[in-house]
>>> print(open('final.txt').read())   # compact mmCIF, C-alpha atoms and all ligand atoms
# COMPACT_ATOMS: atom_id res chain seq x y z
CA MET A 38 9.26 24.44 7.74
CA ASN A 39 8.66 21.30 5.74
CA ASP A 40 7.92 18.35 8.05
CA ASP A 41 8.90 15.90 5.31
CA LYS A 42 12.43 17.23 5.56
CA PHE A 43 12.81 17.59 9.31
CA VAL A 44 16.30 16.17 9.01
CA GLU A 45 18.01 16.81 5.72
CA VAL A 46 21.42 15.64 4.62
CA LYS A 47 22.70 17.23 1.42
CA ASN A 48 25.66 16.06 -0.66
CA LEU A 49 27.49 14.84 2.39
CA ARG A 50 31.09 13.71 1.96
CA LYS A 51 33.56 12.64 4.60
CA VAL A 52 37.22 11.97 4.00
CA TYR A 53 39.08 10.94 7.17
CA ASP A 54 42.54 12.33 7.93
CA ASN A 55 44.19 9.20 6.57
CA GLY A 56 42.57 9.89 3.17
CA HIS A 57 39.83 7.25 3.49
CA GLU A 58 36.61 8.43 1.83
CA ALA A 59 34.02 6.94 4.20
CA ILE A 60 31.03 8.89 2.83
CA LYS A 61 31.14 9.60 -0.88
CA GLN A 62 28.01 11.56 -1.79
CA VAL A 63 25.02 11.10 0.43
CA SER A 64 21.70 12.97 0.43
CA PHE A 65 18.52 11.98 2.24
CA ALA A 66 15.65 13.40 4.23
CA VAL A 67 13.77 12.17 7.31
CA LYS A 68 10.17 13.10 8.03
CA LYS A 69 9.28 14.51 11.44
CA GLY A 70 8.32 11.72 13.85
CA ASP A 71 9.57 8.92 11.60
CA LEU A 72 11.84 6.11 12.68
CA VAL A 73 14.30 5.60 9.84
CA CYS A 74 16.77 2.73 9.73
CA LEU A 75 20.25 3.24 8.33
CA LEU A 76 21.18 -0.22 7.13
CA GLY A 77 24.35 -1.60 5.59
CA PRO A 78 27.31 -3.91 6.02
CA SER A 79 30.14 -3.24 8.43
CA GLY A 80 32.28 -0.31 7.36
CA CYS A 81 29.73 1.27 4.99
CA GLY A 82 29.70 4.55 6.94
CA LYS A 83 26.69 4.34 9.28
CA THR A 84 28.43 5.51 12.46
CA THR A 85 30.26 8.19 10.51
CA ILE A 86 26.90 9.66 9.46
CA LEU A 87 25.48 9.59 13.02
CA ASN A 88 28.62 11.26 14.36
CA ILE A 89 28.35 14.00 11.73
CA LEU A 90 24.66 14.53 12.57
CA ALA A 91 25.54 14.76 16.26
CA GLY A 92 28.36 17.20 15.56
CA LEU A 93 31.08 14.90 16.90
CA LEU A 94 32.67 14.86 13.46
CA ASN A 95 32.88 17.58 10.82
CA PRO A 96 31.87 16.71 7.28
CA THR A 97 34.43 17.32 4.52
CA SER A 98 31.67 18.92 2.48
CA GLY A 99 27.89 19.05 2.29
CA ASP A 100 25.19 20.33 4.58
CA ILE A 101 23.01 19.09 7.45
CA LEU A 102 19.70 20.80 8.17
CA PHE A 103 17.40 20.32 11.14
CA GLY A 104 13.98 21.88 10.71
CA GLY A 105 15.23 23.65 7.60
CA LYS A 106 18.24 25.30 9.30
CA SER A 107 21.85 24.34 8.67
CA VAL A 108 23.53 23.00 11.81
CA VAL A 109 27.01 22.27 10.52
CA LYS A 110 28.35 25.20 12.54
CA THR A 111 26.19 24.46 15.61
CA ALA A 112 27.95 22.98 18.65
CA PRO A 113 26.92 19.38 19.51
CA LYS A 114 25.25 20.42 22.77
CA ASP A 115 23.04 22.91 20.96
CA ARG A 116 21.77 20.44 18.33
CA GLN A 117 19.08 18.94 20.60
CA ILE A 118 20.13 15.39 19.86
CA GLY A 119 19.91 12.29 22.03
CA TYR A 120 22.55 9.68 21.17
CA VAL A 121 22.43 6.04 22.25
CA PHE A 122 25.90 4.64 21.69
CA GLN A 123 26.43 1.03 20.71
CA ASN A 124 28.29 0.18 23.92
CA TYR A 125 25.76 2.14 26.10
CA ALA A 126 28.60 4.24 27.62
CA LEU A 127 26.98 4.36 31.09
CA TYR A 128 28.90 5.77 34.06
CA PRO A 129 29.80 2.70 36.14
CA HIS A 130 30.20 4.51 39.47
CA MET A 131 26.78 6.19 39.28
CA SER A 132 23.39 4.65 40.04
CA VAL A 133 20.79 4.25 37.33
CA LEU A 134 18.99 7.40 38.51
CA GLN A 135 22.24 9.40 38.57
CA ASN A 136 23.09 8.16 35.06
CA VAL A 137 19.73 9.21 33.67
CA MET A 138 19.79 12.60 35.46
CA PHE A 139 23.34 13.38 34.45
CA PRO A 140 22.70 15.34 31.23
CA LEU A 141 20.32 17.61 33.18
CA ILE A 142 22.72 18.61 35.96
CA VAL A 143 25.71 19.59 33.84
CA GLY A 144 26.22 22.41 31.35
CA LYS A 145 24.79 25.84 30.88
CA HIS A 146 21.09 25.10 31.36
CA LYS A 147 21.46 22.85 34.35
CA LYS A 148 18.45 22.10 36.50
CA SER A 149 18.14 21.70 40.26
CA LYS A 150 18.69 18.16 41.58
CA ASP A 151 14.99 17.80 42.46
CA GLU A 152 13.77 18.95 39.11
CA ALA A 153 16.31 16.76 37.29
CA ALA A 154 15.26 13.72 39.33
CA LYS A 155 11.62 14.35 38.51
CA ILE A 156 12.27 14.48 34.77
CA ALA A 157 14.59 11.46 34.98
CA GLN A 158 11.88 9.48 36.75
CA LYS A 159 9.41 10.25 33.98
CA TYR A 160 11.72 8.69 31.38
CA MET A 161 12.67 5.82 33.67
CA LYS A 162 8.99 5.01 33.89
CA LEU A 163 8.63 5.11 30.10
CA THR A 164 11.59 2.76 29.69
CA GLN A 165 10.44 0.60 32.62
CA ILE A 166 13.51 0.92 34.82
CA THR A 167 11.96 2.70 37.82
CA ASP A 168 12.68 -0.29 40.06
CA LEU A 169 16.36 -0.21 39.16
CA ALA A 170 16.93 3.42 40.24
CA ASP A 171 19.50 2.65 42.95
CA GLN A 172 21.46 -0.07 41.17
CA LYS A 173 24.81 0.42 39.46
CA PRO A 174 25.12 -0.42 35.73
CA GLY A 175 27.47 -3.33 36.52
CA SER A 176 24.64 -5.24 38.19
CA LEU A 177 22.21 -4.85 35.26
CA SER A 178 21.55 -7.15 32.31
CA GLY A 179 22.33 -5.96 28.78
CA GLY A 180 18.67 -5.19 28.14
CA GLN A 181 18.38 -3.15 31.34
CA GLN A 182 21.54 -1.18 30.54
CA GLN A 183 20.07 -0.54 27.11
CA ARG A 184 16.98 1.03 28.67
CA VAL A 185 19.10 3.21 30.94
CA ALA A 186 21.02 4.46 27.90
CA ILE A 187 17.74 5.24 26.11
CA ALA A 188 16.28 7.05 29.14
CA ARG A 189 19.49 9.10 29.44
CA ALA A 190 19.32 10.01 25.74
CA LEU A 191 15.72 11.19 26.16
CA VAL A 192 15.84 13.28 29.36
CA GLN A 193 16.76 16.49 27.60
CA GLU A 194 13.73 15.96 25.39
CA PRO A 195 15.80 16.17 22.22
CA GLN A 196 14.15 16.68 18.85
CA ILE A 197 16.20 13.92 17.23
CA LEU A 198 17.24 10.53 18.60
CA LEU A 199 20.26 8.71 17.16
CA MET A 200 20.71 5.03 18.00
CA ASP A 201 23.81 3.13 16.86
CA GLU A 202 23.16 -0.62 16.67
CA PRO A 203 21.50 -0.43 20.07
CA LEU A 204 20.45 -4.07 20.14
CA SER A 205 23.58 -5.80 18.90
CA ASN A 206 24.73 -6.96 22.34
CA LEU A 207 21.45 -8.60 23.27
CA ASP A 208 20.33 -12.19 22.75
CA ALA A 209 17.86 -12.89 19.95
CA ARG A 210 14.70 -13.00 22.05
CA LEU A 211 15.46 -9.85 23.99
CA ARG A 212 16.34 -8.12 20.73
CA LEU A 213 12.86 -8.79 19.35
CA LYS A 214 11.20 -7.55 22.52
CA ILE A 215 13.26 -4.39 22.93
CA ARG A 216 13.01 -3.41 19.29
CA GLU A 217 9.22 -3.43 19.60
CA GLU A 218 9.48 -1.38 22.77
CA ILE A 219 11.79 1.14 21.08
CA ARG A 220 9.40 1.59 18.19
CA SER A 221 6.40 2.03 20.45
CA LEU A 222 8.26 4.50 22.71
CA VAL A 223 9.51 6.53 19.76
CA LYS A 224 6.00 6.70 18.32
CA ARG A 225 4.45 7.60 21.67
CA ILE A 226 6.73 10.58 22.24
CA GLY A 227 6.87 11.43 18.53
CA ILE A 228 10.64 11.88 18.36
CA THR A 229 12.37 11.75 14.97
CA THR A 230 14.75 8.79 15.11
CA LEU A 231 17.67 7.45 13.10
CA PHE A 232 18.35 3.86 14.02
CA VAL A 233 21.52 2.20 12.74
CA THR A 234 21.61 -1.54 12.17
CA HIS A 235 23.33 -4.07 9.94
CA ASP A 236 20.44 -6.51 10.42
CA GLN A 237 18.00 -6.35 7.50
CA GLU A 238 15.24 -8.12 9.41
CA GLU A 239 15.47 -5.61 12.27
CA ALA A 240 15.35 -2.72 9.78
CA LEU A 241 12.34 -4.15 7.95
CA SER A 242 10.47 -4.72 11.17
CA ILE A 243 10.84 -1.32 12.81
CA GLY A 244 11.69 1.23 10.13
CA ASP A 245 9.10 3.58 8.66
CA LYS A 246 11.60 3.57 5.84
CA ILE A 247 15.06 2.18 5.28
CA ILE A 248 18.16 3.77 3.82
CA LEU A 249 20.56 1.08 2.64
CA PHE A 250 24.24 2.03 2.28
CA ASN A 251 27.24 0.33 0.79
CA GLU A 252 30.74 1.78 0.60
CA GLY A 253 29.64 5.28 1.53
CA VAL A 254 26.87 5.49 -1.09
CA ILE A 255 23.08 5.12 -0.72
CA GLN A 256 21.90 2.06 -2.63
CA GLN A 257 18.18 2.52 -1.92
CA ASP A 258 16.08 4.88 0.21
CA ASP A 259 12.63 3.37 0.33
CA LEU A 260 9.78 1.64 2.14
CA GLY A 261 10.70 -1.84 3.41
CA GLN A 262 8.61 -3.85 0.97
CA ASN A 263 10.20 -2.15 -2.04
CA PHE A 264 13.57 -3.66 -1.14
CA TYR A 265 11.98 -7.07 -1.84
CA LEU A 266 9.82 -6.15 -4.76
CA GLU A 267 11.83 -3.49 -6.55
CA PRO A 268 15.51 -3.66 -5.56
CA ASN A 269 17.52 -0.91 -7.25
CA ASN A 270 20.49 -3.12 -8.03
CA TYR A 271 22.17 -6.49 -7.47
CA PHE A 272 23.63 -5.45 -4.11
CA VAL A 273 20.18 -4.53 -2.75
CA ALA A 274 18.55 -7.71 -4.09
CA ASN A 275 21.13 -9.81 -2.29
CA PHE A 276 21.36 -7.80 0.93
CA VAL A 277 17.65 -7.61 1.67
CA GLY A 278 15.21 -10.49 1.70
CA ASN A 279 15.91 -14.18 1.45
CA PRO A 280 18.99 -14.90 -0.59
CA VAL A 281 18.23 -14.90 -4.26
CA ILE A 282 19.96 -17.21 -6.70
CA ASP A 283 23.51 -16.00 -6.74
CA ASN A 284 25.29 -15.27 -9.95
CA PHE A 285 22.96 -17.12 -12.31
CA LYS A 286 24.32 -16.13 -15.72
CA VAL A 287 22.11 -15.85 -18.78
CA GLU A 288 22.80 -14.53 -22.23
CA LYS A 289 20.46 -12.45 -24.33
CA ASN A 290 20.48 -13.24 -28.00
CA GLY A 291 17.79 -11.49 -30.00
CA ASP A 292 14.43 -12.53 -28.59
CA LYS A 293 15.78 -15.23 -26.25
CA LEU A 294 17.49 -15.38 -22.89
CA THR A 295 19.56 -18.55 -22.73
CA ALA A 296 21.16 -20.37 -19.83
CA SER A 297 23.07 -23.64 -20.22
CA ASP A 298 19.96 -25.85 -20.32
CA PHE A 299 16.90 -23.64 -20.58
CA GLU A 300 15.57 -20.64 -22.44
CA ILE A 301 13.23 -17.78 -21.76
CA ALA A 302 11.47 -16.00 -24.59
CA VAL A 303 11.89 -12.26 -24.09
CA SER A 304 8.25 -11.92 -25.18
CA ASP A 305 7.21 -13.92 -22.06
CA LEU A 306 8.65 -11.22 -19.78
CA ASP A 307 6.44 -8.41 -18.53
CA PRO A 308 7.08 -5.47 -20.88
CA SER A 309 6.27 -2.94 -18.16
CA ARG A 310 9.13 -4.17 -15.96
CA PHE A 311 11.99 -3.36 -18.31
CA LYS A 312 14.04 -0.47 -16.95
CA ARG A 313 15.54 0.12 -20.35
CA GLU A 314 16.17 -1.53 -23.71
CA LEU A 315 18.40 -4.62 -23.37
CA PRO A 316 21.22 -4.99 -25.84
CA ASP A 317 22.38 -8.56 -26.53
CA GLY A 318 24.95 -9.76 -24.03
CA LYS A 319 25.46 -11.30 -20.61
CA TYR A 320 23.12 -10.69 -17.67
CA ILE A 321 22.63 -12.03 -14.14
CA LEU A 322 19.23 -13.51 -13.35
CA SER A 323 17.89 -13.44 -9.79
CA VAL A 324 14.69 -14.79 -8.34
CA ARG A 325 13.46 -14.96 -4.78
CA PRO A 326 12.79 -18.44 -3.33
CA GLU A 327 9.03 -17.92 -3.28
CA ASN A 328 9.04 -17.28 -7.03
CA ILE A 329 10.83 -20.43 -8.16
CA THR A 330 8.92 -23.54 -7.19
CA PRO A 331 8.68 -27.23 -8.13
CA ASN A 332 6.36 -27.72 -11.09
CA PRO A 333 6.28 -30.61 -13.57
CA ALA A 334 6.14 -28.06 -16.38
CA GLY A 335 9.22 -26.24 -15.10
CA GLN A 336 12.18 -25.94 -17.45
CA ILE A 337 14.93 -25.95 -14.85
CA LYS A 338 16.09 -29.39 -13.79
CA ALA A 339 17.71 -29.35 -10.38
CA HIS A 340 19.00 -31.69 -7.72
CA VAL A 341 17.65 -31.05 -4.20
CA ASP A 342 20.68 -31.01 -1.89
CA ASP A 343 18.86 -30.32 1.35
CA VAL A 344 15.50 -29.29 2.78
CA GLU A 345 15.26 -26.94 5.75
CA LEU A 346 12.15 -26.35 7.82
CA ILE A 347 11.42 -22.69 8.50
CA GLY A 348 8.23 -22.42 10.49
CA ARG A 349 5.24 -23.17 8.30
CA GLU A 350 7.28 -23.54 5.13
CA ARG A 351 10.31 -25.38 3.83
CA ILE A 352 13.30 -24.14 1.89
CA LEU A 353 14.71 -26.45 -0.78
CA LYS A 354 18.40 -25.94 -1.34
CA PHE A 355 19.27 -27.03 -4.81
CA SER A 356 22.11 -26.86 -7.22
CA HIS A 357 21.81 -26.08 -10.86
CA ASN A 358 24.96 -26.32 -12.93
CA GLY A 359 27.09 -25.41 -9.96
CA VAL A 360 24.88 -22.47 -8.90
CA GLN A 361 23.40 -22.77 -5.42
CA ALA A 362 19.81 -21.63 -5.06
CA ARG A 363 16.74 -21.86 -2.88
CA SER A 364 13.06 -22.47 -3.42
CA LEU A 365 10.22 -22.13 -0.96
CA VAL A 366 7.66 -24.94 -0.64
CA GLY A 367 4.79 -25.72 1.71
CA LEU A 368 4.95 -28.32 4.48
CA GLU A 369 2.67 -30.69 2.56
CA ASP A 370 4.88 -30.71 -0.56
CA PRO A 371 6.43 -34.23 -0.73
CA VAL A 372 9.79 -33.15 -2.19
CA GLN A 373 12.87 -34.41 -0.27
CA ALA A 374 16.61 -34.13 -0.28
CA GLY A 375 18.07 -36.23 -3.10
CA ASP A 376 15.09 -35.70 -5.43
CA GLU A 377 15.47 -34.46 -8.97
CA VAL A 378 12.90 -31.73 -9.55
CA ASN A 379 11.68 -29.39 -12.25
CA LEU A 380 11.44 -25.81 -11.16
CA LYS A 381 9.41 -23.04 -12.67
CA MET A 382 10.09 -19.34 -12.26
CA ARG A 383 7.50 -16.60 -12.20
CA LEU A 384 8.80 -14.54 -15.07
CA ASP A 385 6.98 -11.44 -13.86
CA ARG A 386 8.97 -11.67 -10.60
CA ILE A 387 12.52 -12.37 -11.77
CA PHE A 388 15.19 -9.67 -11.80
CA LEU A 389 17.85 -9.15 -14.44
CA PHE A 390 21.06 -7.26 -13.74
CA THR A 391 24.01 -6.27 -15.87
CA GLU A 392 27.31 -7.79 -14.83
CA GLN A 393 28.04 -4.45 -13.12
CA GLY A 394 24.92 -4.89 -10.97
CA GLU A 395 22.57 -2.41 -12.65
CA ARG A 396 18.98 -3.64 -12.58
CA VAL A 397 17.50 -3.77 -16.08
CA TYR A 398 14.33 -5.86 -15.46
N1 LIG B 401 38.76 7.87 12.47
C1 LIG B 401 38.84 7.20 11.32
N2 LIG B 401 39.89 7.34 10.50
C2 LIG B 401 39.98 6.67 9.32
N3 LIG B 401 39.03 5.84 8.86
C3 LIG B 401 37.95 5.65 9.64
C4 LIG B 401 37.79 6.31 10.90
N4 LIG B 401 36.61 5.93 11.44
C5 LIG B 401 36.06 5.07 10.55
N5 LIG B 401 36.86 4.90 9.47
C6 LIG B 401 36.59 4.05 8.28
O1 LIG B 401 35.45 4.60 7.61
C7 LIG B 401 34.59 3.57 7.15
C8 LIG B 401 33.21 3.77 7.73
O2 LIG B 401 33.28 3.58 9.14
P1 LIG B 401 31.97 3.56 10.06
O3 LIG B 401 32.43 3.39 11.45
O4 LIG B 401 31.16 4.75 9.74
O5 LIG B 401 31.26 2.24 9.51
P2 LIG B 401 29.94 1.53 10.04
O6 LIG B 401 29.02 1.43 8.87
O7 LIG B 401 29.45 2.20 11.27
O8 LIG B 401 30.48 0.05 10.37
P3 LIG B 401 30.05 -0.97 11.57
O9 LIG B 401 28.76 -1.63 11.12
O10 LIG B 401 31.19 -1.95 11.57
O11 LIG B 401 29.93 -0.20 12.85
C9 LIG B 401 35.26 2.26 7.55
O12 LIG B 401 35.97 1.77 6.44
C10 LIG B 401 36.20 2.66 8.66
O13 LIG B 401 37.31 1.81 8.70
MG MG B 402 29.29 1.57 13.28
>>> encode(input="final.txt", output="structure tokens")
Amino acid sequence: MNDDKFVEVKNLRKVYDNGHEAIKQVSFAVKKGDLVCLLGPSGCGKTTILNILAGLLNPTSGDILFGGKSVVKTAPKDRQIGYVFQNYALYPHMSVLQNVMFPLIVGKHKKSKDEAAKIAQKYMKLTQITDLADQKPGSLSGGQQQRVAIARALVQEPQILLMDEPLSNLDARLRLKIREEIRSLVKRIGITTLFVTHDQEEALSIGDKIILFNEGVIQQDDLGQNFYLEPNNYFVANFVGNPVIDNFKVEKNGDKLTASDFEIAVSDLDPSRFKRELPDGKYILSVRPENITPNPAGQIKAHVDDVELIGRERILKFSHNGVQARSLVGLEDPVQAGDEVNLKMRLDRIFLFTEQGERVY
């Protein structure tokens, strides 16, 4: 068995009964012990994929393999999966201990009450809810309920853990804390985990890798930093990282790229970054805020609309011929709202896209 492909999804397609094609053609692999984030906007198909992996939904076509073996015909209970649902789905009339034990005392392989309680207590200790054993879910905070749901998903010692936006109901501070705890727990027990989120920052912070979806198609399957540095297309560049200049149109004419009031010589671009030959025509230019900064030699004249403090740095919000954009400057930089500035781009860091969103530079 190949550990790099512990979970493998091949040519997956899902058309719901009403004809909606939620998953168009999806293939990916997850390495044993990795925590992989499935990221994407609402409705892109994340939950659909988890439900197919868990066996709660049948795919229209394609294959799912765990440890090299197809499981599409395997019943959900035999797939050795732990599933943390977005709404926790705890049993309100049972205590925390009873909730966590529950999967162990039902079904074919059920354990004695004593044995089940012992295993449950082990996972309650790991998720730090031992003190809550006798309480009912209704008296717990969101973060505590979250831990109960995780402990319950782990008691059967599954080989794969699925988590569907597990932190979305928590406040910002608790979200940061619990996401670190989840990562450290997952790494300690070495369970292969698929973690669904629509929050790019959460995905970047905890994922060993990220799979970004849009409209039922994978846009990029990669290490976090590559979504910043080497986005596959316009959607990825805008979804991950600080917003880039939106819809900045330039036109290529021979050896020049021209915008309304500035030009870039094609020879000043980094030849190794071209994805393909560029025919003359219209393109969209994007640049991240850290790569367009005030500089007296800069060609782009802009009006600073606002300045926002973000920790140790400041974001200039500026407009340039009706296009809104952002630039990152240090705290000591004197620039203020209302200033007219010249901005310079790092040409080895800009991106160029076709109008259809294909990245060409
Ligand atoms: N049972 C269903 N029948 C028909 N269409 C469905 C069904 N369930 C989901 N869909 C549609 O399939 C698409 C993908 O849904 P899914 O729940 O997988 O999205 P998601 O990425 O999990 O979104 P969210 O971030 O909002 O949870 C959506 O357009 C949704 O409306
Ligand atoms: Mg969902």
>>> residues_near_ligand(input="final.txt", ligand="ligand LIG 401 (chain B)", cutoff="9 Å", atoms="only C-alpha atoms and all ligand atoms", output="JSON, numbers by chain")
{"A": [51, 52, 53, 54, 55, 56, 57, 58, 59, 60, 75, 76, 77, 78, 79, 80, 81, 82, 83, 84, 85, 86, 87, 88, 123, 201, 202, 233, 234, 235, 250, 251, 252, 253]}
>>> axis_aligned_box(input="final.txt", around="region 374-381 of chain A", padding_each_side="6 Å", output="JSON")
{"center_x": 13.7, "center_y": -29.6, "center_z": -6.5, "size_x": 20.7, "size_y": 25.2, "size_z": 24.4}
>>> closest_residue(input="final.txt", among="A:Met200, A:Leu72, A:Val192, A:Leu241", to="ligand MG 402 (chain B)", atoms="only C-alpha atoms and all ligand atoms")
A:Met200
>>> residues_around(input="final.txt", residues="region 205-214 of chain A", least_positions_apart="3", cutoff="10 Å", atoms="all atoms listed in the file", output="list in words")
Gln123, Asn124, Tyr125, Ser178, Gly179, Gly180, Gln183, Asp201, Glu202, Glu217, Glu218, Ile219, Thr234, His235, Asp236, Glu239 and Ser242 of chain A
>>> residues_around(input="final.txt", residues="region 334-339 of chain A", least_positions_apart="5", cutoff="7 Å", atoms="all atoms listed in the file", output="list in words")
Phe299, Phe355, Ser356, His357, Glu377, Val378, Asn379, Leu380 and Lys381 of chain A
>>> residues_around(input="final.txt", residues="region 318-328 of chain A", least_positions_apart="6", cutoff="6 Å", atoms="all atoms listed in the file", output="compact mmCIF listing (two decimals) with C-alpha atoms, in the coordinates of the input")
# COMPACT_ATOMS: atom_id res chain seq x y z
CA VAL A 281 18.23 -14.90 -4.26
CA ILE A 282 19.96 -17.21 -6.70
CA ASN A 284 25.29 -15.27 -9.95
CA PHE A 285 22.96 -17.12 -12.31
CA LYS A 286 24.32 -16.13 -15.72
CA VAL A 287 22.11 -15.85 -18.78
CA GLU A 288 22.80 -14.53 -22.23
CA LYS A 289 20.46 -12.45 -24.33
CA ARG A 363 16.74 -21.86 -2.88
CA SER A 364 13.06 -22.47 -3.42
CA LEU A 365 10.22 -22.13 -0.96
CA MET A 382 10.09 -19.34 -12.26
CA ARG A 383 7.50 -16.60 -12.20
CA ILE A 387 12.52 -12.37 -11.77
CA PHE A 388 15.19 -9.67 -11.80
CA LEU A 389 17.85 -9.15 -14.44
CA PHE A 390 21.06 -7.26 -13.74
CA THR A 391 24.01 -6.27 -15.87
CA GLU A 392 27.31 -7.79 -14.83
>>> closest_residue(input="final.txt", among="A:Gly175, A:Phe232, A:Arg225, A:Asn290", to="ligand MG 402 (chain B)", atoms="all atoms listed in the file")
A:Phe232
>>> closest_residue(input="final.txt", among="A:Phe122, A:Lys155, A:Gln257, A:Gly291", to="ligand MG 402 (chain B)", atoms="only C-alpha atoms and all ligand atoms")
A:Phe122
>>> atom_distance(input="final.txt", atom1="CA of Leu49 (chain A)", atom2="CA of Val108 (chain A)")
13.1 Å
>>> closest_residue(input="final.txt", among="A:Pro203, A:Ala153, A:Ile352, A:Arg116", to="ligand MG 402 (chain B)", atoms="all atoms listed in the file")
A:Pro203
>>> atom_distance(input="final.txt", atom1="CA of Ile248 (chain A)", atom2="CA of Lys312 (chain A)")
21.6 Å
>>> closest_residue(input="final.txt", among="A:Ala154, A:Val63, A:Ala91, A:Cys74", to="Ile243 (chain A)", atoms="all atoms listed in the file")
A:Cys74
>>> atom_distance(input="final.txt", atom1="CA of Arg189 (chain A)", atom2="CA of Gly70 (chain A)")
19.4 Å
>>> residues_around(input="final.txt", residues="Asp171 (chain A)", least_positions_apart="2", cutoff="8 Å", atoms="all atoms listed in the file", output="PyMOL selection string")
chain A and resi 132-134+168-169+173
>>> residues_near_point(input="final.txt", point="(11.0, 9.1, 13.6)", cutoff="12 Å", atoms="only C-alpha atoms", output="PyMOL selection string")
chain A and resi 40-44+66-74+196-200+219-232+243-247
>>> write_last_selection(input="final.txt", atoms="C-alpha atoms", output="PDB file, keeping the file's coordinate frame")
ATOM      1  CA  ASP A  40       7.920  18.350   8.050  1.00  0.00           C
ATOM      2  CA  ASP A  41       8.900  15.900   5.310  1.00  0.00           C
ATOM      3  CA  LYS A  42      12.430  17.230   5.560  1.00  0.00           C
ATOM      4  CA  PHE A  43      12.810  17.590   9.310  1.00  0.00           C
ATOM      5  CA  VAL A  44      16.300  16.170   9.010  1.00  0.00           C
ATOM      6  CA  ALA A  66      15.650  13.400   4.230  1.00  0.00           C
ATOM      7  CA  VAL A  67      13.770  12.170   7.310  1.00  0.00           C
ATOM      8  CA  LYS A  68      10.170  13.100   8.030  1.00  0.00           C
ATOM      9  CA  LYS A  69       9.280  14.510  11.440  1.00  0.00           C
ATOM     10  CA  GLY A  70       8.320  11.720  13.850  1.00  0.00           C
ATOM     11  CA  ASP A  71       9.570   8.920  11.600  1.00  0.00           C
ATOM     12  CA  LEU A  72      11.840   6.110  12.680  1.00  0.00           C
ATOM     13  CA  VAL A  73      14.300   5.600   9.840  1.00  0.00           C
ATOM     14  CA  CYS A  74      16.770   2.730   9.730  1.00  0.00           C
ATOM     15  CA  GLN A 196      14.150  16.680  18.850  1.00  0.00           C
ATOM     16  CA  ILE A 197      16.200  13.920  17.230  1.00  0.00           C
ATOM     17  CA  LEU A 198      17.240  10.530  18.600  1.00  0.00           C
ATOM     18  CA  LEU A 199      20.260   8.710  17.160  1.00  0.00           C
ATOM     19  CA  MET A 200      20.710   5.030  18.000  1.00  0.00           C
ATOM     20  CA  ILE A 219      11.790   1.140  21.080  1.00  0.00           C
ATOM     21  CA  ARG A 220       9.400   1.590  18.190  1.00  0.00           C
ATOM     22  CA  SER A 221       6.400   2.030  20.450  1.00  0.00           C
ATOM     23  CA  LEU A 222       8.260   4.500  22.710  1.00  0.00           C
ATOM     24  CA  VAL A 223       9.510   6.530  19.760  1.00  0.00           C
ATOM     25  CA  LYS A 224       6.000   6.700  18.320  1.00  0.00           C
ATOM     26  CA  ARG A 225       4.450   7.600  21.670  1.00  0.00           C
ATOM     27  CA  ILE A 226       6.730  10.580  22.240  1.00  0.00           C
ATOM     28  CA  GLY A 227       6.870  11.430  18.530  1.00  0.00           C
ATOM     29  CA  ILE A 228      10.640  11.880  18.360  1.00  0.00           C
ATOM     30  CA  THR A 229      12.370  11.750  14.970  1.00  0.00           C
ATOM     31  CA  THR A 230      14.750   8.790  15.110  1.00  0.00           C
ATOM     32  CA  LEU A 231      17.670   7.450  13.100  1.00  0.00           C
ATOM     33  CA  PHE A 232      18.350   3.860  14.020  1.00  0.00           C
ATOM     34  CA  ILE A 243      10.840  -1.320  12.810  1.00  0.00           C
ATOM     35  CA  GLY A 244      11.690   1.230  10.130  1.00  0.00           C
ATOM     36  CA  ASP A 245       9.100   3.580   8.660  1.00  0.00           C
ATOM     37  CA  LYS A 246      11.600   3.570   5.840  1.00  0.00           C
ATOM     38  CA  ILE A 247      15.060   2.180   5.280  1.00  0.00           C
TER      39      ILE A 247
END
>>> residues_around(input="final.txt", residues="Leu266 (chain A)", least_positions_apart="3", cutoff="10 Å", atoms="all atoms listed in the file", output="number ranges by chain")
A: 261-263, 269, 274, 278, 325, 386-388
>>> residues_near_point(input="final.txt", point="(22.3, -31.5, -2.9)", cutoff="7 Å", atoms="only C-alpha atoms", output="ChimeraX atom specification")
/A:340-343,354-356,374-375
>>> closest_residue(input="final.txt", among="A:Arg50, A:His130, A:Lys159, A:Arg216", to="Thr97 (chain A)", atoms="only C-alpha atoms")
A:Arg50
>>> decode(input="final.txt", residues="region 282-297 of chain A", atoms="C-alpha atoms", output="compact mmCIF listing (two decimals), in the first residue's frame")
# COMPACT_ATOMS: atom_id res chain seq x y z
CA ILE A 282 -5.88 44.39 -7.28
CA ASP A 283 -9.19 43.43 -8.75
CA ASN A 284 -9.78 43.54 -12.44
CA PHE A 285 -6.83 45.71 -13.43
CA LYS A 286 -6.95 45.59 -17.22
CA VAL A 287 -3.84 45.84 -19.36
CA GLU A 288 -3.32 45.36 -23.06
CA LYS A 289 -0.38 43.64 -24.68
CA ASN A 290 0.81 45.22 -27.88
CA GLY A 291 4.05 43.78 -29.22
CA ASP A 292 6.73 44.28 -26.59
CA LYS A 293 4.63 46.48 -24.26
CA LEU A 294 1.89 46.00 -21.72
CA THR A 295 -0.15 49.17 -21.53
CA ALA A 296 -2.66 50.41 -18.99
CA SER A 297 -4.38 53.81 -19.23
